[in-house]
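Colleague: This is the content of protein.txt (compact mmCIF, C-alpha atoms and all ligand atoms):
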# COMPACT_ATOMS: atom_id res chain seq x y z
CA MET A 5 152.88 22.98 266.46
CA HIS A 6 153.14 26.75 266.65
CA GLU A 7 153.69 26.56 270.41
CA MET A 8 157.25 25.56 269.61
CA ALA A 9 157.84 28.64 267.48
CA ILE A 10 156.23 30.80 270.15
CA ALA A 11 158.42 29.18 272.82
CA GLU A 12 161.54 29.92 270.78
CA SER A 13 160.52 33.52 270.47
CA VAL A 14 159.76 33.84 274.20
CA VAL A 15 163.17 32.42 275.08
CA ARG A 16 164.89 34.78 272.63
CA ILE A 17 163.10 37.81 274.04
CA ALA A 18 163.83 36.78 277.64
CA GLY A 19 167.49 36.19 276.78
CA GLN A 20 167.84 39.65 275.22
CA HIS A 21 166.34 41.41 278.20
CA ALA A 22 168.19 39.28 280.76
CA ASN A 23 171.49 40.26 279.27
CA GLY A 24 173.43 37.39 280.85
CA ARG A 25 171.62 37.29 284.18
CA ARG A 26 169.93 34.08 285.20
CA VAL A 27 166.19 34.17 284.64
CA THR A 28 163.97 32.43 287.19
CA LYS A 29 160.52 33.29 285.91
CA VAL A 30 159.00 34.54 282.67
CA TYR A 31 155.56 36.15 282.79
CA LEU A 32 153.66 35.66 279.55
CA LYS A 33 150.20 36.93 278.63
CA VAL A 34 148.22 34.87 276.18
CA GLY A 35 144.81 35.88 274.90
CA HIS A 36 142.20 33.17 274.71
CA LEU A 37 141.65 33.78 270.98
CA ARG A 38 145.28 32.89 270.24
CA GLN A 39 144.56 29.20 270.28
CA VAL A 40 147.70 28.43 272.26
CA VAL A 41 147.73 25.15 274.19
CA PRO A 42 149.36 25.99 277.55
CA SER A 43 150.80 22.54 278.21
CA ALA A 44 152.35 22.42 274.75
CA LEU A 45 153.84 25.87 275.21
CA THR A 46 155.27 25.01 278.64
CA PHE A 47 156.78 21.83 277.25
CA GLY A 48 158.29 23.71 274.32
CA PHE A 49 159.60 26.45 276.58
CA GLU A 50 161.45 24.00 278.83
CA LEU A 51 162.96 22.27 275.84
CA VAL A 52 164.07 25.41 274.01
CA ALA A 53 165.42 27.01 277.20
CA GLN A 54 167.93 24.23 277.73
CA GLY A 55 171.49 25.50 277.54
CA THR A 56 170.44 29.16 277.71
CA PRO A 57 170.32 31.58 280.68
CA ILE A 58 166.60 30.82 280.72
CA GLU A 59 167.12 27.14 281.51
CA GLY A 60 165.12 26.08 284.56
CA ALA A 61 163.01 29.25 284.59
CA GLU A 62 159.33 28.92 285.30
CA LEU A 63 156.90 30.01 282.62
CA ALA A 64 154.07 31.89 284.29
CA LEU A 65 151.44 31.84 281.60
CA GLU A 66 148.37 33.95 282.18
CA GLN A 67 145.43 33.39 279.86
CA ILE A 68 143.27 36.39 279.16
CA PRO A 69 139.60 35.76 278.41
CA ALA A 70 138.12 37.35 275.34
CA LEU A 71 136.24 40.61 275.70
CA GLY A 72 134.50 42.44 272.88
CA ARG A 73 132.76 45.78 272.43
CA CYS A 74 129.68 45.79 270.24
CA ARG A 75 129.94 48.20 267.32
CA ALA A 76 126.15 48.54 267.26
CA CYS A 77 125.22 49.21 270.91
CA GLY A 78 128.59 49.81 272.57
CA VAL A 79 128.15 47.21 275.31
CA GLU A 80 131.14 45.06 276.30
CA SER A 81 130.69 41.29 276.55
CA ARG A 82 132.80 38.42 277.79
CA LEU A 83 133.19 36.01 274.90
CA PRO A 84 133.47 32.44 276.14
CA GLY A 85 133.27 30.86 272.69
CA PHE A 86 132.11 31.16 269.11
CA PRO A 87 130.10 32.84 267.78
CA LEU A 88 131.44 36.00 269.33
CA GLN A 89 128.20 37.75 270.14
CA CYS A 90 127.03 40.82 272.05
CA ARG A 91 125.17 39.81 275.24
CA GLU A 92 123.05 42.94 275.04
CA CYS A 93 121.74 43.19 271.47
CA GLY A 94 122.91 39.86 270.01
CA GLY A 95 125.04 41.58 267.37
CA PHE A 96 128.04 39.85 265.83
CA ASP A 97 130.04 42.93 264.85
CA LEU A 98 132.42 43.22 267.77
CA GLU A 99 135.67 44.99 268.31
CA ILE A 100 137.99 42.70 270.25
CA VAL A 101 139.17 44.57 273.34
CA GLU A 102 140.98 41.68 275.06
CA GLY A 103 141.82 38.12 274.13
CA GLU A 104 144.35 38.57 271.32
CA GLU A 105 147.38 39.26 273.54
CA LEU A 106 150.63 37.42 273.08
CA TYR A 107 153.47 39.15 274.85
CA VAL A 108 156.22 38.77 277.42
CA GLU A 109 155.16 40.99 280.27
CA SER A 110 158.11 40.75 282.64
CA LEU A 111 161.00 38.65 283.91
CA GLU A 112 162.26 37.67 287.31
CA MET A 113 166.01 37.36 287.50
CA GLU A 114 168.79 36.86 289.97
CA GLU A 115 170.80 40.01 290.52
CA MET B 27 175.34 33.39 299.18
CA HIS B 28 172.08 35.30 299.20
CA ARG B 29 170.69 36.22 295.84
CA THR B 30 168.04 38.86 295.40
CA ALA B 31 165.40 38.48 292.76
CA VAL B 32 164.73 41.44 290.53
CA LYS B 33 161.75 41.93 288.31
CA GLN B 34 162.05 43.62 284.98
CA ILE B 35 159.17 44.80 282.87
CA VAL B 36 159.49 43.69 279.24
CA MET B 37 156.17 44.21 277.41
CA GLU B 38 157.39 42.79 274.12
CA GLY B 39 155.09 41.04 271.66
CA VAL B 40 156.16 37.48 270.98
CA LEU B 41 155.65 37.98 267.25
CA ASP B 42 157.02 41.54 267.00
CA ALA B 43 160.23 40.40 265.33
CA ASN B 44 158.29 38.45 262.70
CA ASP B 45 155.84 41.31 262.18
CA ALA B 46 158.68 43.75 261.55
CA LEU B 47 160.17 41.45 258.91
CA ALA B 48 156.72 40.98 257.38
CA GLN B 49 156.40 44.76 257.15
CA ALA B 50 159.77 44.95 255.39
CA ASN B 51 158.64 42.27 252.92
CA ARG B 52 155.47 44.24 252.38
CA GLU B 53 157.37 47.38 251.51
CA ARG B 54 159.44 45.43 249.04
CA PHE B 55 156.28 44.00 247.43
CA ASP B 56 154.67 47.43 247.26
CA GLY B 57 157.82 48.84 245.68
CA ALA B 58 157.79 46.13 243.00
CA GLY B 59 154.02 46.42 242.44
CA ASN B 60 153.17 42.89 243.62
CA TYR B 61 149.79 41.88 244.93
CA VAL B 62 150.54 39.14 247.44
CA ILE B 63 148.36 36.23 248.50
CA ASN B 64 149.10 34.04 251.49
CA MET B 65 147.38 30.75 250.67
CA MET B 66 146.77 28.53 253.64
CA SER B 67 145.01 25.25 254.38
CA SER B 68 145.30 21.96 256.15
CA PRO B 69 147.45 19.39 254.32
CA GLY B 70 145.96 18.25 251.04
CA ALA B 71 143.00 20.65 250.82
CA GLY B 72 143.96 21.41 247.24
CA LYS B 73 146.16 24.52 247.25
CA THR B 74 148.52 23.26 244.55
CA ALA B 75 145.69 21.79 242.48
CA LEU B 76 143.83 25.12 242.54
CA LEU B 77 147.02 26.95 241.67
CA GLU B 78 147.45 24.73 238.61
CA ARG B 79 143.92 25.69 237.51
CA THR B 80 144.59 29.33 238.27
CA LEU B 81 147.79 29.36 236.25
CA GLU B 82 146.00 27.76 233.30
CA ARG B 83 143.27 30.34 233.42
CA LEU B 84 145.33 33.48 233.98
CA ARG B 85 148.10 32.60 231.54
CA GLY B 86 148.69 35.56 229.27
CA LYS B 87 146.51 37.84 231.41
CA LEU B 88 148.48 38.29 234.59
CA CYS B 89 152.01 37.34 235.50
CA LEU B 90 151.77 35.10 238.53
CA GLY B 91 154.77 34.23 240.64
CA ILE B 92 154.78 31.39 243.12
CA LEU B 93 156.61 30.93 246.37
CA GLU B 94 156.19 27.36 247.53
CA GLY B 95 156.57 26.57 251.18
CA ASP B 96 157.16 22.92 251.79
CA VAL B 97 158.49 20.94 254.67
CA GLN B 98 161.00 18.92 252.70
CA THR B 99 160.17 17.95 249.17
CA THR B 100 160.04 19.88 245.92
CA LEU B 101 156.98 17.94 244.74
CA ASP B 102 154.59 20.90 244.63
CA ALA B 103 157.14 23.08 242.86
CA ASP B 104 157.73 20.29 240.34
CA ARG B 105 154.00 20.15 239.58
CA LEU B 106 153.93 23.88 238.85
CA ALA B 107 157.18 24.03 236.88
CA ARG B 108 155.43 23.19 233.58
CA PHE B 109 153.78 26.61 233.63
CA HIS B 110 157.15 28.34 233.30
CA VAL B 111 156.28 31.08 235.73
CA PRO B 112 158.66 32.61 238.28
CA LEU B 113 158.77 30.01 241.02
CA VAL B 114 160.83 29.53 244.11
CA GLN B 115 160.72 26.77 246.66
CA VAL B 116 161.43 27.52 250.30
CA ASN B 117 161.97 24.51 252.47
CA THR B 118 161.05 25.36 256.02
CA ASP B 119 163.65 25.16 258.74
CA PRO B 120 164.30 21.68 260.06
CA GLY B 121 164.56 23.11 263.58
CA PHE B 122 161.94 23.08 266.27
CA GLY B 123 158.75 24.82 265.38
CA GLY B 124 160.04 25.85 262.00
CA GLU B 125 158.54 23.09 260.02
CA CYS B 126 154.85 23.79 260.30
CA HIS B 127 154.54 27.22 258.66
CA LEU B 128 156.31 29.89 256.68
CA ASP B 129 157.43 32.93 258.62
CA ALA B 130 158.42 36.34 257.28
CA ASN B 131 162.11 35.50 257.33
CA MET B 132 161.72 32.31 255.31
CA VAL B 133 159.70 34.22 252.71
CA ARG B 134 162.35 36.95 252.62
CA SER B 135 165.01 34.32 251.95
CA GLY B 136 163.13 33.18 248.84
CA LEU B 137 162.54 36.63 247.36
CA SER B 138 166.03 37.17 245.98
CA GLU B 139 165.34 34.34 243.53
CA LEU B 140 162.18 35.90 242.11
CA PRO B 141 162.06 38.68 239.48
CA LEU B 142 159.65 40.72 241.60
CA PRO B 143 159.19 43.67 239.19
CA GLU B 144 157.86 41.26 236.51
CA ILE B 145 155.29 39.72 238.83
CA ASP B 146 151.72 41.04 239.10
CA VAL B 147 150.45 38.58 241.67
CA LEU B 148 152.67 36.59 243.98
CA VAL B 149 151.03 33.54 245.52
CA ILE B 150 152.70 32.17 248.60
CA GLU B 151 151.60 28.57 249.13
CA ASN B 152 152.02 28.07 252.83
CA VAL B 153 152.76 24.77 254.51
CA GLY B 154 149.71 22.55 254.90
CA ASN B 155 148.66 23.09 258.51
CA LEU B 156 145.43 24.34 260.02
CA VAL B 157 146.89 26.29 262.93
CA CYS B 158 150.44 27.58 262.70
CA PRO B 159 150.52 29.58 259.44
CA ALA B 160 147.74 31.84 260.70
CA GLU B 161 149.98 33.29 263.42
CA PHE B 162 152.74 34.43 261.09
CA LYS B 163 152.35 37.37 258.77
CA VAL B 164 154.66 37.19 255.81
CA GLY B 165 153.89 40.55 254.18
CA GLU B 166 150.76 39.52 252.30
CA ASP B 167 147.90 41.71 251.07
CA VAL B 168 145.27 39.02 251.55
CA ARG B 169 144.84 35.66 253.12
CA VAL B 170 143.06 33.03 251.09
CA MET B 171 142.16 29.87 252.89
CA VAL B 172 141.45 26.65 251.04
CA TYR B 173 139.17 24.31 252.91
CA SER B 174 138.04 20.99 251.47
CA VAL B 175 134.66 19.45 252.11
CA THR B 176 136.31 16.19 253.19
CA GLU B 177 137.49 17.87 256.39
CA GLY B 178 134.23 17.96 258.35
CA GLU B 179 131.72 20.70 259.18
CA GLU B 180 133.06 21.53 262.64
CA LYS B 181 136.55 22.67 261.64
CA PRO B 182 135.88 26.44 261.89
CA LEU B 183 134.82 25.97 265.50
CA LYS B 184 137.78 23.74 266.33
CA TYR B 185 140.40 25.83 264.53
CA PRO B 186 139.02 29.36 264.58
CA LEU B 187 142.38 31.09 264.27
CA MET B 188 142.88 30.47 260.57
CA PHE B 189 139.21 30.74 259.60
CA ARG B 190 139.03 34.06 261.43
CA SER B 191 142.08 35.48 259.70
CA ALA B 192 140.95 34.56 256.16
CA ASP B 193 139.77 37.24 253.71
CA LEU B 194 138.40 34.60 251.37
CA VAL B 195 137.60 30.93 251.84
CA LEU B 196 137.74 28.62 248.84
CA VAL B 197 135.49 25.69 249.72
CA ASN B 198 137.17 23.07 247.56
CA LYS B 199 136.48 19.52 246.34
CA VAL B 200 132.77 20.26 245.96
CA ASP B 201 132.72 17.62 243.21
CA LEU B 202 132.86 15.10 246.07
CA LEU B 203 129.79 16.44 247.85
CA GLU B 204 127.48 13.85 246.32
CA HIS B 205 129.61 11.06 247.79
CA LEU B 206 129.84 12.51 251.29
CA ASP B 207 127.39 13.15 254.08
CA PHE B 208 128.96 16.56 254.49
CA ASP B 209 126.42 19.23 255.45
CA LEU B 210 127.45 22.33 253.51
CA GLU B 211 124.89 24.60 255.18
CA GLN B 212 126.12 23.57 258.60
CA PHE B 213 129.70 24.23 257.59
CA LEU B 214 128.86 27.69 256.22
CA GLY B 215 126.98 28.42 259.46
CA ASN B 216 130.07 27.48 261.47
CA LEU B 217 132.20 29.60 259.18
CA ASP B 218 129.93 32.59 259.77
CA ALA B 219 130.07 31.94 263.50
CA VAL B 220 133.81 32.55 263.56
CA ASN B 221 134.17 34.98 260.65
CA PRO B 222 130.77 36.57 259.97
CA GLY B 223 130.10 37.20 256.30
CA VAL B 224 133.57 36.23 255.08
CA GLU B 225 133.66 35.88 251.31
CA ARG B 226 133.52 32.30 250.09
CA ILE B 227 133.60 30.56 246.72
CA LEU B 228 132.71 26.92 246.10
CA THR B 229 135.43 25.36 243.96
CA SER B 230 136.58 22.11 242.49
CA ALA B 231 140.06 21.76 241.13
CA ARG B 232 138.84 18.52 239.60
CA THR B 233 135.95 19.89 237.49
CA GLY B 234 137.02 23.53 237.38
CA GLN B 235 133.88 24.75 239.13
CA GLY B 236 134.36 28.14 240.74
CA VAL B 237 137.80 28.68 239.24
CA GLU B 238 136.56 31.46 236.99
CA GLU B 239 134.89 33.18 239.93
CA TRP B 240 138.03 32.88 242.02
CA CYS B 241 140.17 34.30 239.22
CA SER B 242 137.76 37.23 238.80
CA TRP B 243 137.88 37.82 242.54
CA LEU B 244 141.65 37.93 242.30
CA GLU B 245 141.73 40.32 239.32
CA HIS B 246 139.15 42.52 240.99
CA ARG B 247 140.87 42.66 244.37
CA ARG B 248 144.20 43.39 242.79
CA GLY B 249 142.54 46.45 241.28
N1 LIG A 301 138.13 15.29 243.96
C1 LIG A 301 138.93 16.34 244.13
N2 LIG A 301 140.21 16.15 244.47
C2 LIG A 301 140.99 17.24 244.62
C3 LIG A 301 140.51 18.56 244.45
N3 LIG A 301 141.51 19.42 244.69
C4 LIG A 301 142.59 18.68 245.01
N4 LIG A 301 142.29 17.37 244.96
C5 LIG A 301 143.18 16.25 245.25
O1 LIG A 301 143.56 16.32 246.60
C6 LIG A 301 144.92 15.92 246.76
C7 LIG A 301 145.73 17.02 247.44
O2 LIG A 301 145.76 18.15 246.57
P1 LIG A 301 146.96 19.19 246.61
O3 LIG A 301 146.71 20.19 245.55
O4 LIG A 301 148.26 18.50 246.58
O5 LIG A 301 146.72 19.81 248.05
P2 LIG A 301 147.65 20.87 248.83
O6 LIG A 301 146.75 21.69 249.66
O7 LIG A 301 148.53 21.58 247.86
O8 LIG A 301 148.52 19.88 249.73
P3 LIG A 301 149.85 20.24 250.61
O9 LIG A 301 150.63 21.26 249.86
O10 LIG A 301 150.55 18.93 250.73
O11 LIG A 301 149.33 20.73 251.91
C8 LIG A 301 145.42 15.57 245.38
O12 LIG A 301 145.30 14.17 245.19
C9 LIG A 301 144.48 16.32 244.47
O13 LIG A 301 144.34 15.72 243.21
C10 LIG A 301 139.12 18.71 244.08
O14 LIG A 301 138.61 19.82 243.92
N5 LIG A 301 138.40 17.56 243.94
MG MG A 302 150.59 21.85 247.92
Once you've parsed the file, please lay out its structure as structure tokens.
Modeller:
Amino acid sequence: MHEMAIAESVVRIAGQHANGRRVTKVYLKVGHLRQVVPSALTFGFELVAQGTPIEGAELALEQIPALGRCRACGVESRLPGFPLQCRECGGFDLEIVEGEELYVESLEMEE
Amino acid sequence: MHRTAVKQIVMEGVLDANDALAQANRERFDGAGNYVINMMSSPGAGKTALLERTLERLRGKLCLGILEGDVQTTLDADRLARFHVPLVQVNTDPGFGGECHLDANMVRSGLSELPLPEIDVLVIENVGNLVCPAEFKVGEDVRVMVYSVTEGEEKPLKYPLMFRSADLVLVNKVDLLEHLDFDLEQFLGNLDAVNPGVERILTSARTGQGVEEWCSWLEHRRG
């Protein structure tokens, strides 16, 4: 379950940036192509956060839909599933513009 | 007491720390002249069996080194020990989330036990798992995925992450095709749907089919 490893990493990053302050909310961006199961990640986050300054914080997980730019015709398409295909020309050679994110965007903390 | 909430921008990639360690591993490999393969699959697809075939075939031609990732046992390492090649076993962390894949730090911890300058090709056999290993770079040059025909045609669509990240797919256990109602064309179509045109070789660790082609691929890619 890689959600657990991701949760550990999120908690570590939040802890470093919080620097001892109590964290109430962690904003995380997750691209759709990352194959992260939100419920599993939230569960893992709560578990790993126990006993740290992150304990009790809410994980605000925003999923970002996949978006690709066609290398043949240049048109951008939303990519709801596989195959990843250009809506304009039907091409499969796409540059992924959005949907591969996996980062901690910001934290809410008590001053 | 009134507490005010403050918001702090972070913008830090969840896997940045791993990626930095993977980069450091990579520099070490480059310095020692190692070509490094991250071999991934679901449990039991035939990674170790194919490695046994590969070691037989490349003996005397290339010096292979093996880094075995395993959850707990040394069984895979024991199977490969008879080849007397540089071999190290890394048991993955027993902690949360550590057991399903190798990460760059676990690989780093195994490197001190390998004579890197003697090794031409280092094969890292990842933990059998169809999702987790694909997220964690370990410093490899290429990703080789072993998929066995007993797993079902739809797997690329269900688990696109690993299929998408593979540079080569070894479609293994093809000796069993005649006993299965597995539709190879449908599988290859699904594979192309998630990773268009990815290189693939049909193999059988049982009969040896495709092993020569895979070894040539390896020698060629290593350059
Ligand atoms: N019929 C057939 N059996 C195979 C083939 N390759 C592997 N096997 C069998 O499949 C089983 C699993 O093979 P392993 O080589 O242990 O698979 P693995 O991917 O290393 O497994 P883990 O490391 O546990 O994930 C063994 O019983 C092998 O003998 C093949 O090409 N054909
Ligand atoms: Mg094995």
Colleague: Within 10 Å of ligand LIG 301 (chain A), counting all atoms listed in the file: which residues, as a ChimeraX atom specification?
Modeller: /B:65-79,94-97,99,101-103,105,151-156,171-176,197-203,228-236
Colleague: With distances taken over only C-alpha atoms, which residue among A:Val40, A:Leu71, A:Met8, A:Ala53 lies nearest chain B?
Modeller: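 Of A:Val40, A:Leu71, A:Met8, A:Ala53, the one nearest chain B is A:Met8, counting only C-alpha atoms.
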Colleague: Output the contact residues of chain A with respect to chain B at a cut-off of 7 Å, based on only C-alpha atoms, as a PyMOL selection string.
Modeller: chain A and resi 5-6+8-10+13-14+38-39+86-87+106-115
Colleague: Please provide the set of residues having any atom within 12 Å of Asp56 in chain B, restricted to only C-alpha atoms, with same-chain residues fewer than 2 positions apart removed, written as a PDB file with C-alpha atoms, in the frame of the given file.
Modeller:
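File around22.pdb, as written:
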ATOM      1  CA  GLN B  49     156.400  44.760 257.150  1.00  0.00           C
ATOM      2  CA  ALA B  50     159.770  44.950 255.390  1.00  0.00           C
ATOM      3  CA  ASN B  51     158.640  42.270 252.920  1.00  0.00           C
ATOM      4  CA  ARG B  52     155.470  44.240 252.380  1.00  0.00           C
ATOM      5  CA  GLU B  53     157.370  47.380 251.510  1.00  0.00           C
ATOM      6  CA  ARG B  54     159.440  45.430 249.040  1.00  0.00           C
ATOM      7  CA  ALA B  58     157.790  46.130 243.000  1.00  0.00           C
ATOM      8  CA  GLY B  59     154.020  46.420 242.440  1.00  0.00           C
ATOM      9  CA  ASN B  60     153.170  42.890 243.620  1.00  0.00           C
ATOM     10  CA  TYR B  61     149.790  41.880 244.930  1.00  0.00           C
ATOM     11  CA  VAL B  62     150.540  39.140 247.440  1.00  0.00           C
ATOM     12  CA  LEU B 142     159.650  40.720 241.600  1.00  0.00           C
ATOM     13  CA  PRO B 143     159.190  43.670 239.190  1.00  0.00           C
ATOM     14  CA  ILE B 145     155.290  39.720 238.830  1.00  0.00           C
ATOM     15  CA  ASP B 146     151.720  41.040 239.100  1.00  0.00           C
ATOM     16  CA  VAL B 147     150.450  38.580 241.670  1.00  0.00           C
ATOM     17  CA  LEU B 148     152.670  36.590 243.980  1.00  0.00           C
ATOM     18  CA  GLY B 165     153.890  40.550 254.180  1.00  0.00           C
ATOM     19  CA  GLU B 166     150.760  39.520 252.300  1.00  0.00           C
ATOM     20  CA  ASP B 167     147.900  41.710 251.070  1.00  0.00           C
TER      21      ASP B 167
END
Colleague: Given 8 Å of margin on each side, can you work out the centre and size in Å (one decimal) of an axis-aligned box holding every listed atom of range 37-44 of chain B, as JSON?
Modeller:
{"center_x": 157.7, "center_y": 40.8, "center_z": 270.1, "size_x": 21.1, "size_y": 22.7, "size_z": 30.7}
Colleague: With all atoms listed in the file as the basis for distance, which of B:Arg247, B:Ile92, B:Gly178, B:Leu128 is at the shortest distance from Pro141 in chain B?
Modeller: B:Ile92
Colleague: Would you work out the distance separating CA of Gly19 in chain A from CA of Glu105 in chain A, expressed in Å to one decimal?
Modeller: 20.6 Å
Colleague: Go through A:Glu104, A:Glu62, A:Glu12, A:Gly85 one by one, measure the shortest atom-to-atom distance of each to Val30 in chain A using only C-alpha atoms, and give the residue with the smallest value.
Modeller: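 Of A:Glu104, A:Glu62, A:Glu12, A:Gly85, the one nearest Val30 in chain A, counting only C-alpha atoms, is A:Glu62.
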Colleague: How many Å separate CA of Arg91 in chain A from CA of Val224 in chain B?
Modeller: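 Computing the Euclidean distance for CA of Arg91 in chain A and CA of Val224 in chain B yields 22.1 Å.
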Colleague: Which residues are near Ser81 in chain A? Cut-off 12 Å, only C-alpha atoms, ignore same chain within fewer than 2 positions. Put them as a PyMOL selection string.
Modeller: chain A and resi 69-75+77-79+83-85+88-103
Colleague: What does the distance between CA of Leu88 in chain B and CA of Gly136 in chain B come to in Å, to one decimal place?
Modeller: 21.1 Å
Colleague: Give me, as an MDAnalysis selection string, all polymer residues having an atom no more than 12 Å from Pro57 in chain A, counting all atoms listed in the file and skipping those fewer than 4 positions away in the same chain.
Modeller: chainID A and resid 15:30 50 52:53 61 113:114
Colleague: For ligand MG 302 (chain A), which residue out of B:Ile150, B:Leu210, B:Val168, B:Val111 is the nearest one, using all atoms listed in the file?
Modeller: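 Of B:Ile150, B:Leu210, B:Val168, B:Val111, the one nearest ligand MG 302 (chain A) is B:Ile150, counting all atoms listed in the file.
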Colleague: Could you rebuild range 42-55 of chain B with N, CA, C and O atoms and give me the result as a short mmCIF file (atom, residue, chain, number, x, y, z; two decimals), keeping the file's coordinate frame?
Modeller:
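That gives us part_0.cif:
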data_model
loop_
_atom_site.label_atom_id
_atom_site.label_comp_id
_atom_site.auth_asym_id
_atom_site.auth_seq_id
_atom_site.Cartn_x
_atom_site.Cartn_y
_atom_site.Cartn_z
N ASP B 42 156.57 40.23 267.50
CA ASP B 42 157.02 41.54 267.00
C ASP B 42 158.13 41.42 265.96
O ASP B 42 158.13 42.13 264.95
N ALA B 43 159.09 40.53 266.25
CA ALA B 43 160.23 40.40 265.33
C ALA B 43 159.75 39.92 263.96
O ALA B 43 160.18 40.43 262.92
N ASN B 44 158.85 38.95 263.97
CA ASN B 44 158.29 38.45 262.70
C ASN B 44 157.49 39.55 262.00
O ASN B 44 157.60 39.74 260.79
N ASP B 45 156.69 40.28 262.78
CA ASP B 45 155.84 41.31 262.18
C ASP B 45 156.68 42.40 261.51
O ASP B 45 156.31 42.94 260.47
N ALA B 46 157.82 42.72 262.13
CA ALA B 46 158.68 43.75 261.55
C ALA B 46 159.26 43.27 260.22
O ALA B 46 159.33 44.03 259.24
N LEU B 47 159.66 42.00 260.17
CA LEU B 47 160.17 41.45 258.91
C LEU B 47 159.07 41.37 257.86
O LEU B 47 159.31 41.60 256.67
N ALA B 48 157.86 41.04 258.31
CA ALA B 48 156.72 40.98 257.38
C ALA B 48 156.48 42.37 256.78
O ALA B 48 156.21 42.51 255.58
N GLN B 49 156.58 43.38 257.61
CA GLN B 49 156.40 44.76 257.15
C GLN B 49 157.46 45.13 256.10
O GLN B 49 157.16 45.76 255.09
N ALA B 50 158.69 44.69 256.35
CA ALA B 50 159.77 44.95 255.39
C ALA B 50 159.49 44.24 254.06
O ALA B 50 159.69 44.81 252.98
N ASN B 51 159.02 42.99 254.14
CA ASN B 51 158.64 42.27 252.92
C ASN B 51 157.56 43.05 252.18
O ASN B 51 157.59 43.23 250.97
N ARG B 52 156.59 43.51 252.94
CA ARG B 52 155.47 44.24 252.38
C ARG B 52 155.92 45.48 251.62
O ARG B 52 155.44 45.77 250.52
N GLU B 53 156.87 46.18 252.18
CA GLU B 53 157.37 47.38 251.51
C GLU B 53 158.07 47.02 250.21
O GLU B 53 157.96 47.72 249.20
N ARG B 54 158.78 45.89 250.25
CA ARG B 54 159.44 45.43 249.04
C ARG B 54 158.41 45.06 247.96
O ARG B 54 158.57 45.40 246.79
N PHE B 55 157.34 44.38 248.38
CA PHE B 55 156.28 44.00 247.43
C PHE B 55 155.62 45.25 246.85
O PHE B 55 155.38 45.34 245.65
#
